[in-house]
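Okay, coords-v1.cif now, which holds mmCIF, C-alpha atoms, pLDDT in the B column; chains and numbers go by the auth columns:
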data_my_file
#
loop_
_atom_site.group_PDB
_atom_site.id
_atom_site.type_symbol
_atom_site.label_atom_id
_atom_site.label_comp_id
_atom_site.label_asym_id
_atom_site.label_seq_id
_atom_site.Cartn_x
_atom_site.Cartn_y
_atom_site.Cartn_z
_atom_site.B_iso_or_equiv
_atom_site.auth_seq_id
_atom_site.auth_asym_id
ATOM 1 C CA MET A 1 -133.488 -80.261 -18.703 58.00 15 Y
ATOM 2 C CA GLU A 2 -132.799 -83.113 -21.022 76.00 16 Y
ATOM 3 C CA PRO A 3 -132.575 -86.586 -19.449 72.00 17 Y
ATOM 4 C CA LYS A 4 -128.896 -86.910 -20.424 71.00 18 Y
ATOM 5 C CA VAL A 5 -127.990 -83.672 -18.631 60.00 19 Y
ATOM 6 C CA THR A 6 -129.905 -84.758 -15.536 65.00 20 Y
ATOM 7 C CA CYS A 7 -128.139 -88.121 -15.553 57.00 21 Y
ATOM 8 C CA VAL A 8 -124.715 -86.488 -15.831 59.00 22 Y
ATOM 9 C CA LEU A 9 -125.499 -84.101 -12.975 61.00 23 Y
ATOM 10 C CA VAL A 10 -126.624 -86.976 -10.750 59.00 24 Y
ATOM 11 C CA MET A 11 -123.402 -88.862 -11.496 61.00 25 Y
ATOM 12 C CA VAL A 12 -121.263 -85.801 -10.734 55.00 26 Y
ATOM 13 C CA PHE A 13 -123.015 -85.242 -7.396 54.00 27 Y
ATOM 14 C CA ALA A 14 -122.687 -88.937 -6.503 54.00 28 Y
ATOM 15 C CA LEU A 15 -118.946 -88.869 -7.206 52.00 29 Y
ATOM 16 C CA ALA A 16 -118.513 -85.668 -5.221 50.00 30 Y
ATOM 17 C CA LEU A 17 -120.355 -87.111 -2.231 48.00 31 Y
ATOM 18 C CA SER A 18 -118.359 -90.341 -2.353 51.00 32 Y
ATOM 19 C CA SER A 19 -115.139 -88.302 -2.369 50.00 33 Y
ATOM 20 C CA LEU A 20 -116.293 -86.414 0.710 47.00 34 Y
ATOM 21 C CA ALA A 21 -117.152 -89.671 2.449 47.00 35 Y
ATOM 22 C CA LEU A 22 -113.643 -90.981 1.774 47.00 36 Y
ATOM 23 C CA GLY A 23 -112.135 -87.955 3.498 44.00 37 Y
ATOM 24 C CA GLU A 24 -114.320 -88.376 6.601 51.00 38 Y
ATOM 25 C CA ALA A 25 -114.054 -92.100 7.296 74.00 39 Y
ATOM 26 C CA GLU A 26 -110.826 -93.143 5.586 87.00 40 Y
ATOM 27 C CA THR A 27 -107.371 -91.758 5.017 94.00 41 Y
ATOM 28 C CA CYS A 28 -104.468 -92.327 2.665 94.00 42 Y
ATOM 29 C CA GLN A 29 -101.978 -91.229 5.352 94.00 43 Y
ATOM 30 C CA MET A 30 -100.083 -94.306 6.555 94.00 44 Y
ATOM 31 C CA GLY A 31 -96.612 -95.749 6.666 94.00 45 Y
ATOM 32 C CA PRO A 32 -95.338 -97.002 3.293 94.00 46 Y
ATOM 33 C CA HIS A 33 -95.151 -100.621 4.460 93.00 47 Y
ATOM 34 C CA GLN A 34 -98.747 -100.524 5.737 95.00 48 Y
ATOM 35 C CA ARG A 35 -100.051 -100.134 2.183 96.00 49 Y
ATOM 36 C CA VAL A 36 -102.269 -102.920 0.807 96.00 50 Y
ATOM 37 C CA ASN A 37 -102.125 -103.150 -2.984 97.00 51 Y
ATOM 38 C CA CYS A 38 -105.250 -102.008 -4.839 96.00 52 Y
ATOM 39 C CA GLY A 39 -104.144 -102.110 -8.480 92.00 53 Y
ATOM 40 C CA GLU A 40 -102.117 -103.900 -11.090 93.00 54 Y
ATOM 41 C CA PRO A 41 -98.641 -102.757 -12.164 91.00 55 Y
ATOM 42 C CA GLY A 42 -98.846 -99.752 -14.481 92.00 56 Y
ATOM 43 C CA ILE A 43 -102.167 -98.448 -13.125 96.00 57 Y
ATOM 44 C CA THR A 44 -102.583 -94.712 -13.603 96.00 58 Y
ATOM 45 C CA PRO A 45 -103.488 -92.313 -10.774 97.00 59 Y
ATOM 46 C CA THR A 46 -106.916 -91.752 -12.352 97.00 60 Y
ATOM 47 C CA GLU A 47 -107.649 -95.486 -12.654 97.00 61 Y
ATOM 48 C CA CYS A 48 -106.546 -95.995 -9.065 97.00 62 Y
ATOM 49 C CA LYS A 49 -108.727 -93.189 -7.693 96.00 63 Y
ATOM 50 C CA ASP A 50 -111.680 -94.412 -9.785 97.00 64 Y
ATOM 51 C CA LYS A 51 -111.407 -97.682 -7.842 96.00 65 Y
ATOM 52 C CA GLY A 52 -111.697 -95.706 -4.589 96.00 66 Y
ATOM 53 C CA CYS A 53 -108.034 -96.175 -3.728 97.00 67 Y
ATOM 54 C CA CYS A 54 -105.083 -93.923 -2.933 97.00 68 Y
ATOM 55 C CA PHE A 55 -102.157 -93.220 -5.269 97.00 69 Y
ATOM 56 C CA ASP A 56 -98.662 -92.125 -4.268 96.00 70 Y
ATOM 57 C CA SER A 57 -95.678 -92.893 -6.507 94.00 71 Y
ATOM 58 C CA ASN A 58 -93.062 -91.118 -4.381 94.00 72 Y
ATOM 59 C CA ILE A 59 -91.723 -94.248 -2.652 92.00 73 Y
ATOM 60 C CA PHE A 60 -90.257 -97.157 -4.604 92.00 74 Y
ATOM 61 C CA GLY A 61 -90.639 -100.755 -3.447 93.00 75 Y
ATOM 62 C CA VAL A 62 -94.163 -100.374 -2.042 95.00 76 Y
ATOM 63 C CA PRO A 63 -97.584 -100.328 -3.758 95.00 77 Y
ATOM 64 C CA TRP A 64 -98.352 -97.015 -5.456 96.00 78 Y
ATOM 65 C CA CYS A 65 -102.083 -97.757 -5.680 97.00 79 Y
ATOM 66 C CA PHE A 66 -103.302 -98.857 -2.263 97.00 80 Y
ATOM 67 C CA HIS A 67 -106.436 -99.155 -0.133 97.00 81 Y
ATOM 68 C CA PRO A 68 -107.196 -96.323 2.308 96.00 82 Y
ATOM 69 C CA VAL A 69 -107.366 -97.163 6.005 94.00 83 Y
ATOM 70 C CA ALA A 70 -110.296 -96.447 8.296 89.00 84 Y
ATOM 71 C CA ILE A 71 -110.048 -93.619 10.776 85.00 85 Y
ATOM 72 C CA ASP A 72 -111.042 -94.478 14.315 74.00 86 Y
ATOM 73 C CA GLU A 73 -113.847 -92.046 15.038 66.00 87 Y
ATOM 74 C CA PRO A 74 -114.875 -91.532 18.660 61.00 88 Y
ATOM 75 C CA SER A 75 -118.443 -92.261 19.753 57.00 89 Y
ATOM 76 C CA GLU A 76 -120.786 -89.295 19.962 59.00 90 Y
ATOM 77 C CA GLY A 77 -120.727 -89.246 23.764 57.00 91 Y
ATOM 78 C CA GLU A 78 -116.966 -89.698 23.975 56.00 92 Y
ATOM 79 C CA CYS A 79 -114.835 -86.619 24.645 59.00 93 Y
ATOM 80 C CA GLN A 80 -111.384 -86.099 23.238 56.00 94 Y
ATOM 81 C CA PHE A 81 -108.970 -84.471 25.695 55.00 95 Y
#
Final structure tokens representation of the file:
Amino acid sequence: MEPKVTCVLVMVFALALSSLALGEAETCQMGPHQRVNCGEPGITPTECKDKGCCFDSNIFGVPWCFHPVAIDEPSEGECQF
């Protein structure tokens, strides 16, 4: 393969893996007033997600581009009942 193709494939895989990591350790599900702003006014959904942030424009008066929150993951030896 040409070096450019290889570089593009590496970038695509890196982005895909970072998206998977976001889903495992962080979430965009939170109350509207818990949102911490992650972008300037007028930011697009794509620009917001490229920054690693969440975008939801359904609720007025709160940030539309906001930081995800960490999910509390139990320790390996800890059971969930």
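Among the candidate residues Y:Glu61, Y:Asp86, Y:Lys18, Y:Ile73, the one lying nearest to Gly45 of chain Y is Y:Ile73, with distances computed using all atoms listed in the file.
Among the candidates Y:Pro59, Y:Asn51, Y:Met44, Y:Pro17, the residue lying nearest to Gly75 of chain Y is Y:Asn51 (atoms considered: only C-alpha atoms).
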Just say which residues the PyMOL selection byres ((chain Y and resi 66-72) around 10) picks in this file, as a PyMOL selection string.
chain Y and resi 32-33+36+41-43+46+49-53+57-65+73-83
